[in-house]
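Working notes, structure below.
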Amino acid sequence: MIDKSVATALQAVADVFDGARVLVGGFGTAGMPDELIDALIEQGARDLTIISNNAGNGEHGLAALLKAGRVAKVVCSFPRQSDSHHFDALYRAGKIELELVPQGTLAARIEAAGAGLGGIYTPTGVGTPLATGKETRRIGDRDYVFELPIHADFALIKAHRADRWGNLVYRKAARNFGPIMATAARCTIAQVTQVVILGELDPEVIVTPGIYVQRVVKIDGAAGAGALGVAA
Amino acid sequence: MIDKSVATALQAVADVFDGARVLVGGFGTAGMPDELIDALIEQGARDLTIISNNAGNGEHGLAALLKAGRVAKVVCSFPRQSDSHHFDALYRAGKIELELVPQGTLAARIEAAGAGLGGIYTPTGVGTPLATGKETRRIGDRDYVFELPIHADFALIKAHRADRWGNLVYRKAARNFGPIMATAARCTIAQVTQVVILGELDPEVIVTPGIYVQRVVKIDGAAGAGALGVAA
Amino acid sequence: MKRLDRAQMAARVAQDIADGAYVNLGIGLPTLVANHLPADREIVLQSENGILGMGPAPDVDDEDPELINAGKQPVTQLPGSSFFHHGDSFAMIRGGHLDLCVLGAFQVSVTGDLANWHTGKEGAIPAVGGAMDLAVGARRIVVMMELMTGGGECKLVERCTYPLTGLACVSRVYTDLAIFDIDRNGVRVAECVEGLEFEALRRMVGFAALRDGRS
Amino acid sequence: MKRLDRAQMAARVAQDIADGAYVNLGIGLPTLVANHLPADREIVLQSENGILGMGPAPDVDDEDPELINAGKQPVTQLPGSSFFHHGDSFAMIRGGHLDLCVLGAFQVSVTGDLANWHTGKEGAIPAVGGAMDLAVGARRIVVMMELMTGGGECKLVERCTYPLTGLACVSRVYTDLAIFDIDRNGVRVAECVEGLEFEALRRMVGFAALRDGRS
């Protein structure tokens with residue numbers, strides 16, 4: 001029988017190893033797997049490469065992971081925020097590496113990894129500093145930049161509901177990077193608000209089929225509670 | 001106000017021009033836009049390039065379009081079927097061009113067009129006759145074939161429900177190529193079983209956002225009736 | 001002369017958006033355009049974090065931390081709206097499906113080059129977000145910005161000195177003083193605020209090739 | 001010797017599929033495997049036309065023309081099943097997410113090359129479907145076929161003469177007479193039907209490098 005449930009967030013992230021490449025879902029506070037990140041801080045893995053849209057803000061979540069000195073490199077589109085002071089300080093001190101990727105290219109590279117493609121040509125970034133040193137190619141009447149897939153060892157994401165097969169549905173704009181990150185990691189760990197009986201999720205509306213999810217952790221609390229906590 | 005409804009299938013395909021590239025949804029009988037194809041036959045456009053998974057079977061739908069001599073070229077993955085005799089005869093007589101594409105590469109090329117990518121590298125087909133003459137490239141420890149996007153002038157697809165914005169939901173395995181073809185054509189025409197009031201489709205379960213759909217035609221009859229007719 | 005304030009600039013941009021258009025409004029100044037969309041037109045707003053059919057800001061009591069726009073502000077959803085993931089959202093943007101994108105800018109060049117993501121200053125931390133995807137993706141890219149910096153430098157320039165976001169992508173620039181159209185022949189003034197003479201505007205922008213496109 | 005019939009071959013393949021495995025069964029002979037999955041294991045079948053969690057054939061009265069498998073036969077859906085479009089389905093296949101794919105074959109070579117889409121005969125109309133995607137995508141590819149053609153030629157060959165589907169992709173071949181494992185060292189016999197001697201099998205396949213891998 002398939003049952004991907006794991007009792008605690010700490011158990012779910014137990015085998016994240018030093019130097020692992022970790023995709024972290026979320027855009028702003030929506031869809032951020034806060035409890036999984038807290039567990040990762042407690043677990044202690046170091047020298048991580050974090051691939052996420054942002055580089056943490058305030059004192060919680062990714063910002064706390066960075067502050068704890070666990071992150072060697074961040075691959076993201078938007079590290080600079082009004083309250084991203086932990087990233088800012090580490091970056092200015094030369095203690096963290098940054099690979100800046102346009103948001104759509106970040107998404108496309110993650111999708112390419114999940115879909116088994118070797119690379120893609122995107123028009124995004126042509127002629128800009130973010131294409132410097134990259135192969136460009138004229139196809140038809142337009143120039144494109146060659147981009148490689150972004151694979152990862154783990155993906156930490158937040159969804160709304162799951163069943164024991166790991167099928168997931170999301171809630172509103174908290175969907176963001178979750179579904180594509182789930183496809184690009186060898187081990188995808190989803191924190192969810194609710195676990196329902198197998199068959200209760202309509203097959204027409206499942207966004208992430210269970211094949212992409214290795215572990216599911218139910219986090220107690222109301223929908224969006226984690227995000228509300230951060231906003232407070 | 002946005003209202004993408006068109007009264008009849010014939011009106012919906014009225015501007016398909018000679019030589020147009022037309023994506024046609026469906027896999028087997030599921031999701032085949034039979035009434036739109038019938039309208040296209042009546043409309044009379046010639047020298048069409050049809051991009052679809054199959055090349056028609058029996059006497060209806062694509063097979064009838066082929067039989068009427070309207071198709072110059074078929075791009076598909078699986079033309080040969082037990083009852084694909086119209087395609088077979090035209091192909092053997094040298095009266096129709098065939099571009100054979102692996103099914104996943106067909107899907108990926110259509111998606112690449114919809115997503116604005118200039119090309120992709122896929123591992124599918126490496127070392128086989130279908131990669132002959134195509135650029136191959138070693139990326140990491142694996143070989144890939146370079147494939148170009150498949151753009152089209154029109155897409156004819158079948159969905160289950162629509163609203164006046166052109167938002168679509170599908171039914172079971174009739175979803176198949178519809179959602180990706182909708183993204184890759186300059187004009188996407190969807191035949192649907194039901195048109196509902198704006199707001200009635202749950203934003204979480206819309207598969208094709210209306211931005212990809214230019215025209216919606218309601219076809220009378222029960223869900224799956226077209227397919228049942230063909231199966232009879 | 002009657003310099004437009006930000007609300008007036010936003011209203012002027014909104015006035016040009018057609019009924020039925022699919023539009024992305026960039027972070028910052030362009031976000032204001034949402035407050036001025038003509039009530040008799042149905043305009044569908046896209047947010048790159050996966051919303052089509054985004055509505056206005058909610059009452060404080062109705063804020064949902066999982067319903068935010070690309071600027072991470074609370075929004076609402078309209079009947080007909082849909083949610084999708086980031087991959088699908090940027091396929092929509094990059095694939096040329098949006099009719100219009102309104103972006104802010106540090107600089108726009110006379111050939112339509114856009115610089116809006118990075119000042120390039122020593123020690124500045126770069127952040128690009130979706131700006132480069134929007135710049136290459138939407139069918140029409142317009143910029144909304146104040147014409148002059150606080151320091152009195154014109155942001156419409158012969159050649160961008162800030163790092164580029166996209167090449168030859170901007171076709172119109174809405175400013176507090178004038179509206180400029182950019183095509184392969186250069187820059188034409190489409191509108192000027194009341195009391196601003198063409199020659200005075202030419203001196204402000206500082207390049208001779210500016211043409212008067214007003215009929 | 002006790003040659004396996006098709007049902008027995010299917011049962012033998014099914015016996016090796018682990019609880020919890022995600023599996024695609026190719027068109028034709030492999031489809032039979034679905035009828036023999038052990039009742040005490042939860043095995044999730046994928047169909048490349050966009051179904052995960054496909055169930056067995058329905059009663060005739062319950063057939064739904066919009067619920068069919070890749071072979072276009074009516075199927076059912078199990079609790080936990082999901083639907084997705086062809087792009088997502090082949091991303092799932094190509095991206096290495098399936099644990100196992102069982103394919104039919106015209107020929108398999110001693111290096112694991114697969115030929116199963118085209119006889120290459122004059123006048124034959126080629127059709128590839130999803131075969132090439134499955135051949136490169138699943139984590140483990142096994143073939144299920146009769147060892148000899150009707151004309152008495154062995155389908156396990158030193159080098160495929162039919163057009164290839166994929167290179168070095170097959171790791172096990174289930175046949176009516178024996179099971180063969182293929183790796184970089186060549187071909188080993190893992191099992192033989194009762195009454196078939198290894199030397200007799202070696203003569204049938206016709207290449208000397210065959211090794212006996214039975215303990």
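Identifiers for the structure tokens are assigned positionally: chains receive A, B, ... in sequence, residues are indexed from 1 per chain, and ligands are indexed from 1 in the order shown.
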
Considering only C-alpha atoms, return as a list of chain:residue names whatever protein or nucleic-acid residues lie within 10 Å of Asn57 (chain A), sequence-local ones (same chain, fewer than 2 positions apart) excluded.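 Result of the neighbour search: A:Gly28, A:Thr29, A:Asn54, A:Ala55, A:Glu59, A:His60, A:Gly61, A:Leu62, A:Ala63, A:Ala64, A:Pro79, A:Arg80, A:Gln81, A:Ser82, A:Asp83, A:Ser84, A:His85, A:His86, A:Phe87, A:Val230.
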
Could you give me the residues within chain D that DSSP places in strand (DSSP E or B), as a PyMOL selection string? chain D and resi 22-25+44-47+51-55+68+74+76-83+100-103+107-109+114-115+141-144+148+154+156-157+166+170-174+178-183+186-192+211-212

Which residues are close to Ser52 (chain A), i.e. within 8 Å by only C-alpha atoms, leaving aside same-chain residues fewer than 2 positions away? Reply as a list of chain:residue names.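 Within the cut-off, the hits are A:Leu23, A:Val24, A:Gly25, A:Gly26, A:Ile50, A:Asn54, A:Ala55, A:Val74, A:Val75, A:Cys76, A:Ser77.
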
Neighbour list for Arg215 (chain B) as a PyMOL selection string, cut-off 12 Å, only C-alpha atoms, skip fewer than 4 positions in-chain: chain B and resi 2-14+36+154-158+162-168+182+186-192+210-211

Writer output for current selection, N, CA and C atoms, as an mmCIF file, in the first residue's frame:
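That gives us result38.cif:
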data_model
loop_
_atom_site.group_PDB
_atom_site.id
_atom_site.type_symbol
_atom_site.label_atom_id
_atom_site.label_comp_id
_atom_site.auth_asym_id
_atom_site.auth_seq_id
_atom_site.Cartn_x
_atom_site.Cartn_y
_atom_site.Cartn_z
ATOM 1 N N ILE B 2 -16.346 40.974 -22.812
ATOM 2 C CA ILE B 2 -15.742 39.862 -23.520
ATOM 3 C C ILE B 2 -16.790 38.780 -23.706
ATOM 4 N N ASP B 3 -17.023 38.392 -24.943
ATOM 5 C CA ASP B 3 -17.881 37.228 -25.194
ATOM 6 C C ASP B 3 -17.354 36.507 -26.419
ATOM 7 N N LYS B 4 -16.749 35.352 -26.191
ATOM 8 C CA LYS B 4 -16.080 34.631 -27.264
ATOM 9 C C LYS B 4 -16.979 33.620 -27.954
ATOM 10 N N SER B 5 -18.255 33.611 -27.594
ATOM 11 C CA SER B 5 -19.185 32.658 -28.200
ATOM 12 C C SER B 5 -19.403 32.977 -29.668
ATOM 13 N N VAL B 6 -19.463 31.944 -30.450
ATOM 14 C CA VAL B 6 -19.785 32.053 -31.864
ATOM 15 C C VAL B 6 -20.970 31.114 -32.083
ATOM 16 N N ALA B 7 -21.923 31.525 -32.926
ATOM 17 C CA ALA B 7 -23.186 30.789 -33.021
ATOM 18 C C ALA B 7 -23.027 29.392 -33.619
ATOM 19 N N THR B 8 -22.239 29.270 -34.667
ATOM 20 C CA THR B 8 -22.151 27.980 -35.345
ATOM 21 C C THR B 8 -20.695 27.598 -35.609
ATOM 22 N N ALA B 9 -20.475 26.314 -35.784
ATOM 23 C CA ALA B 9 -19.139 25.814 -36.094
ATOM 24 C C ALA B 9 -18.641 26.406 -37.411
ATOM 25 N N LEU B 10 -19.559 26.549 -38.376
ATOM 26 C CA LEU B 10 -19.165 27.081 -39.679
ATOM 27 C C LEU B 10 -18.672 28.526 -39.558
ATOM 28 N N GLN B 11 -19.351 29.318 -38.740
ATOM 29 C CA GLN B 11 -18.879 30.683 -38.506
ATOM 30 C C GLN B 11 -17.518 30.684 -37.815
ATOM 31 N N ALA B 12 -17.355 29.742 -36.911
ATOM 32 C CA ALA B 12 -16.117 29.705 -36.124
ATOM 33 C C ALA B 12 -14.896 29.439 -36.998
ATOM 34 N N VAL B 13 -15.060 28.672 -38.062
ATOM 35 C CA VAL B 13 -13.905 28.330 -38.912
ATOM 36 C C VAL B 13 -13.893 29.114 -40.226
ATOM 37 N N ALA B 14 -14.741 30.133 -40.296
ATOM 38 C CA ALA B 14 -14.931 30.844 -41.568
ATOM 39 C C ALA B 14 -13.643 31.395 -42.162
ATOM 40 N N LEU B 36 -16.225 20.700 -35.549
ATOM 41 C CA LEU B 36 -15.388 21.743 -36.148
ATOM 42 C C LEU B 36 -14.730 21.234 -37.425
ATOM 43 N N PHE B 154 -4.299 28.104 -36.570
ATOM 44 C CA PHE B 154 -5.544 27.784 -35.871
ATOM 45 C C PHE B 154 -5.359 26.525 -35.029
ATOM 46 N N ALA B 155 -6.131 26.447 -33.953
ATOM 47 C CA ALA B 155 -6.243 25.200 -33.207
ATOM 48 C C ALA B 155 -7.730 24.882 -33.087
ATOM 49 N N LEU B 156 -8.088 23.650 -33.431
ATOM 50 C CA LEU B 156 -9.466 23.187 -33.257
ATOM 51 C C LEU B 156 -9.448 22.161 -32.133
ATOM 52 N N ILE B 157 -10.129 22.461 -31.049
ATOM 53 C CA ILE B 157 -10.098 21.546 -29.910
ATOM 54 C C ILE B 157 -11.507 21.321 -29.363
ATOM 55 N N LYS B 158 -11.623 20.274 -28.546
ATOM 56 C CA LYS B 158 -12.897 19.982 -27.899
ATOM 57 C C LYS B 158 -12.712 20.030 -26.385
ATOM 58 N N ALA B 162 -17.289 25.726 -20.997
ATOM 59 C CA ALA B 162 -16.630 27.015 -21.211
ATOM 60 C C ALA B 162 -17.474 28.105 -20.583
ATOM 61 N N ASP B 163 -16.869 29.283 -20.375
ATOM 62 C CA ASP B 163 -17.648 30.478 -20.053
ATOM 63 C C ASP B 163 -17.360 31.516 -21.132
ATOM 64 N N ARG B 164 -17.979 32.694 -21.018
ATOM 65 C CA ARG B 164 -17.843 33.665 -22.120
ATOM 66 C C ARG B 164 -16.429 34.243 -22.253
ATOM 67 N N TRP B 165 -15.609 34.100 -21.217
ATOM 68 C CA TRP B 165 -14.201 34.519 -21.339
ATOM 69 C C TRP B 165 -13.363 33.474 -22.090
ATOM 70 N N GLY B 166 -13.949 32.309 -22.344
ATOM 71 C CA GLY B 166 -13.186 31.261 -23.023
ATOM 72 C C GLY B 166 -12.433 30.350 -22.075
ATOM 73 N N ASN B 167 -12.663 30.488 -20.779
ATOM 74 C CA ASN B 167 -12.078 29.535 -19.828
ATOM 75 C C ASN B 167 -12.635 28.146 -20.115
ATOM 76 N N LEU B 168 -11.781 27.134 -20.035
ATOM 77 C CA LEU B 168 -12.204 25.777 -20.398
ATOM 78 C C LEU B 168 -11.863 24.766 -19.310
ATOM 79 N N ALA B 182 -4.125 24.804 -27.479
ATOM 80 C CA ALA B 182 -4.735 26.128 -27.300
ATOM 81 C C ALA B 182 -3.685 27.218 -27.153
ATOM 82 N N ARG B 186 -2.488 31.023 -33.238
ATOM 83 C CA ARG B 186 -2.897 32.427 -33.174
ATOM 84 C C ARG B 186 -4.391 32.547 -32.920
ATOM 85 N N CYS B 187 -5.157 31.545 -33.380
ATOM 86 C CA CYS B 187 -6.598 31.546 -33.154
ATOM 87 C C CYS B 187 -7.047 30.161 -32.706
ATOM 88 N N THR B 188 -7.477 30.051 -31.459
ATOM 89 C CA THR B 188 -7.929 28.767 -30.930
ATOM 90 C C THR B 188 -9.447 28.745 -30.869
ATOM 91 N N ILE B 189 -10.006 27.711 -31.464
ATOM 92 C CA ILE B 189 -11.457 27.552 -31.523
ATOM 93 C C ILE B 189 -11.822 26.294 -30.742
ATOM 94 N N ALA B 190 -12.669 26.461 -29.722
ATOM 95 C CA ALA B 190 -13.040 25.327 -28.880
ATOM 96 C C ALA B 190 -14.504 24.985 -29.066
ATOM 97 N N GLN B 191 -14.787 23.716 -29.367
ATOM 98 C CA GLN B 191 -16.181 23.278 -29.321
ATOM 99 C C GLN B 191 -16.407 22.671 -27.949
ATOM 100 N N VAL B 192 -17.552 23.013 -27.350
ATOM 101 C CA VAL B 192 -17.814 22.565 -25.984
ATOM 102 C C VAL B 192 -19.235 22.027 -25.884
ATOM 103 N N GLY B 210 -8.935 31.577 -20.335
ATOM 104 C CA GLY B 210 -9.526 32.156 -21.538
ATOM 105 C C GLY B 210 -8.578 32.915 -22.438
ATOM 106 N N ILE B 211 -7.456 33.356 -21.926
ATOM 107 C CA ILE B 211 -6.498 34.108 -22.739
ATOM 108 C C ILE B 211 -6.058 33.300 -23.967
#

Which residues, written as an NGL selection string, have at least one atom at most 9 Å from region 129-139 of chain C, with only C-alpha atoms counted and residues fewer than 2 positions away on the same chain left out? (:A and (53-54 or 76-79 or 101-105 or 123-126 or 128)) or (:B and (116)) or (:C and (23-24 or 26 or 48 or 70 or 90-101 or 103 or 114 or 116-117 or 127 or 141 or 164-167 or 169-170))

Go through chain A and flag each residue having an atom no more than 7 Å from chain B; for those, report the closest pair of atoms plus their distance in Å to one decimal, using only C-alpha atoms, ordered by chain and rising number, as a Markdown table.
| residue | atom | partner | partner_atom | distance |
| --- | --- | --- | --- | --- |
| A:Leu117 | CA | B:Thr122 | CA | 4.9 |
| A:Gly118 | CA | B:Tyr121 | CA | 5.1 |
| A:Gly119 | CA | B:Tyr121 | CA | 5.4 |
| A:Ile120 | CA | B:Ile120 | CA | 4.5 |
| A:Tyr121 | CA | B:Gly118 | CA | 5.1 |
| A:Thr122 | CA | B:Leu117 | CA | 4.9 |
| A:Pro123 | CA | B:Leu117 | CA | 6.9 |
| A:Ile139 | CA | B:Gly118 | CA | 6.2 |
| A:Tyr144 | CA | B:Gly118 | CA | 6.4 |
| A:Lys172 | CA | B:Glu204 | CA | 6.9 |
| A:Glu204 | CA | B:Lys172 | CA | 6.9 |
| A:Val205 | CA | B:Val205 | CA | 5.3 |

Tell me as a list in words which residues belonging to chain D come within 6 Å of chain A, counting only C-alpha atoms. Gly20, Glu42, Pro79, Gly80, Ser81, Ser82, Phe83, Ala91, Arg94 and Gly95 of chain D

Output all heavy atoms for every residue in that selection, as a compact mmCIF listing (two decimals), in the first residue's frame.
# COMPACT_ATOMS: atom_id res chain seq x y z
N GLY D 20 3.68 -0.14 -4.92
CA GLY D 20 3.92 1.30 -4.99
C GLY D 20 4.56 1.78 -6.28
O GLY D 20 4.79 2.98 -6.44
N GLU D 42 -0.18 -2.26 -4.37
CA GLU D 42 -0.81 -1.10 -4.98
C GLU D 42 0.14 -0.59 -6.07
O GLU D 42 1.21 -0.04 -5.76
CB GLU D 42 -1.06 -0.03 -3.91
CG GLU D 42 -2.24 0.85 -4.21
CD GLU D 42 -2.67 1.68 -3.00
OE1 GLU D 42 -1.82 2.02 -2.15
OE2 GLU D 42 -3.86 1.99 -2.90
N PRO D 79 -9.64 5.04 -7.31
CA PRO D 79 -9.52 6.14 -6.35
C PRO D 79 -8.06 6.59 -6.28
O PRO D 79 -7.16 5.73 -6.22
CB PRO D 79 -9.94 5.49 -5.02
CG PRO D 79 -10.77 4.30 -5.42
CD PRO D 79 -10.18 3.81 -6.72
N GLY D 80 -7.83 7.88 -6.35
CA GLY D 80 -6.46 8.40 -6.35
C GLY D 80 -5.98 8.74 -7.76
O GLY D 80 -4.89 9.28 -7.93
N SER D 81 -6.77 8.43 -8.77
CA SER D 81 -6.36 8.71 -10.15
C SER D 81 -6.40 10.20 -10.44
O SER D 81 -7.05 10.97 -9.72
CB SER D 81 -7.28 7.97 -11.13
OG SER D 81 -8.60 8.46 -11.02
N SER D 82 -5.69 10.59 -11.49
CA SER D 82 -5.70 11.99 -11.91
C SER D 82 -5.58 12.06 -13.43
O SER D 82 -5.07 11.14 -14.07
CB SER D 82 -4.56 12.77 -11.24
OG SER D 82 -3.32 12.13 -11.43
N PHE D 83 -6.08 13.16 -13.97
CA PHE D 83 -6.00 13.43 -15.41
C PHE D 83 -5.07 14.60 -15.65
O PHE D 83 -5.00 15.53 -14.84
CB PHE D 83 -7.38 13.76 -15.98
CG PHE D 83 -8.36 12.64 -15.88
CD1 PHE D 83 -9.45 12.71 -15.02
CD2 PHE D 83 -8.19 11.50 -16.64
CE1 PHE D 83 -10.36 11.67 -14.93
CE2 PHE D 83 -9.10 10.43 -16.56
CZ PHE D 83 -10.18 10.52 -15.70
N ALA D 91 6.02 14.90 -20.12
CA ALA D 91 7.03 15.40 -19.18
C ALA D 91 7.24 14.35 -18.09
O ALA D 91 8.37 14.07 -17.68
CB ALA D 91 6.58 16.73 -18.58
N ARG D 94 9.19 11.40 -19.95
CA ARG D 94 10.54 11.77 -20.37
C ARG D 94 11.42 12.16 -19.18
O ARG D 94 12.63 11.96 -19.20
CB ARG D 94 10.45 12.94 -21.36
CG ARG D 94 11.66 13.19 -22.17
CD ARG D 94 11.57 14.54 -22.88
NE ARG D 94 10.38 14.73 -23.66
CZ ARG D 94 9.39 15.57 -23.33
NH1 ARG D 94 9.43 16.30 -22.22
NH2 ARG D 94 8.33 15.70 -24.11
N GLY D 95 10.77 12.68 -18.15
CA GLY D 95 11.51 13.18 -17.00
C GLY D 95 11.98 12.11 -16.02
O GLY D 95 12.54 12.44 -14.99

Can you pull out every residue within 12 Å of Leu65 (chain B), counting only C-alpha atoms, but drop anything in the same chain fewer than 6 positions away, and send it as a ChimeraX atom specification? /B:24,34-50,55-59,71-74,86-87,90

Considering only C-alpha atoms, can you say which of C:Asp19, C:Cys160, C:Gly87, C:Ala208 comes closest to chain D?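 Among the listed residues, C:Gly87 lies closest to chain D.
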
Which neighbours of Phe198 (chain C) fall inside 10 Å, counting only C-alpha atoms, when residues of the same chain fewer than 3 positions from it are skipped, and could you give them as a ChimeraX atom specification? /C:178,189,191-192,195,201-204,210-212,214
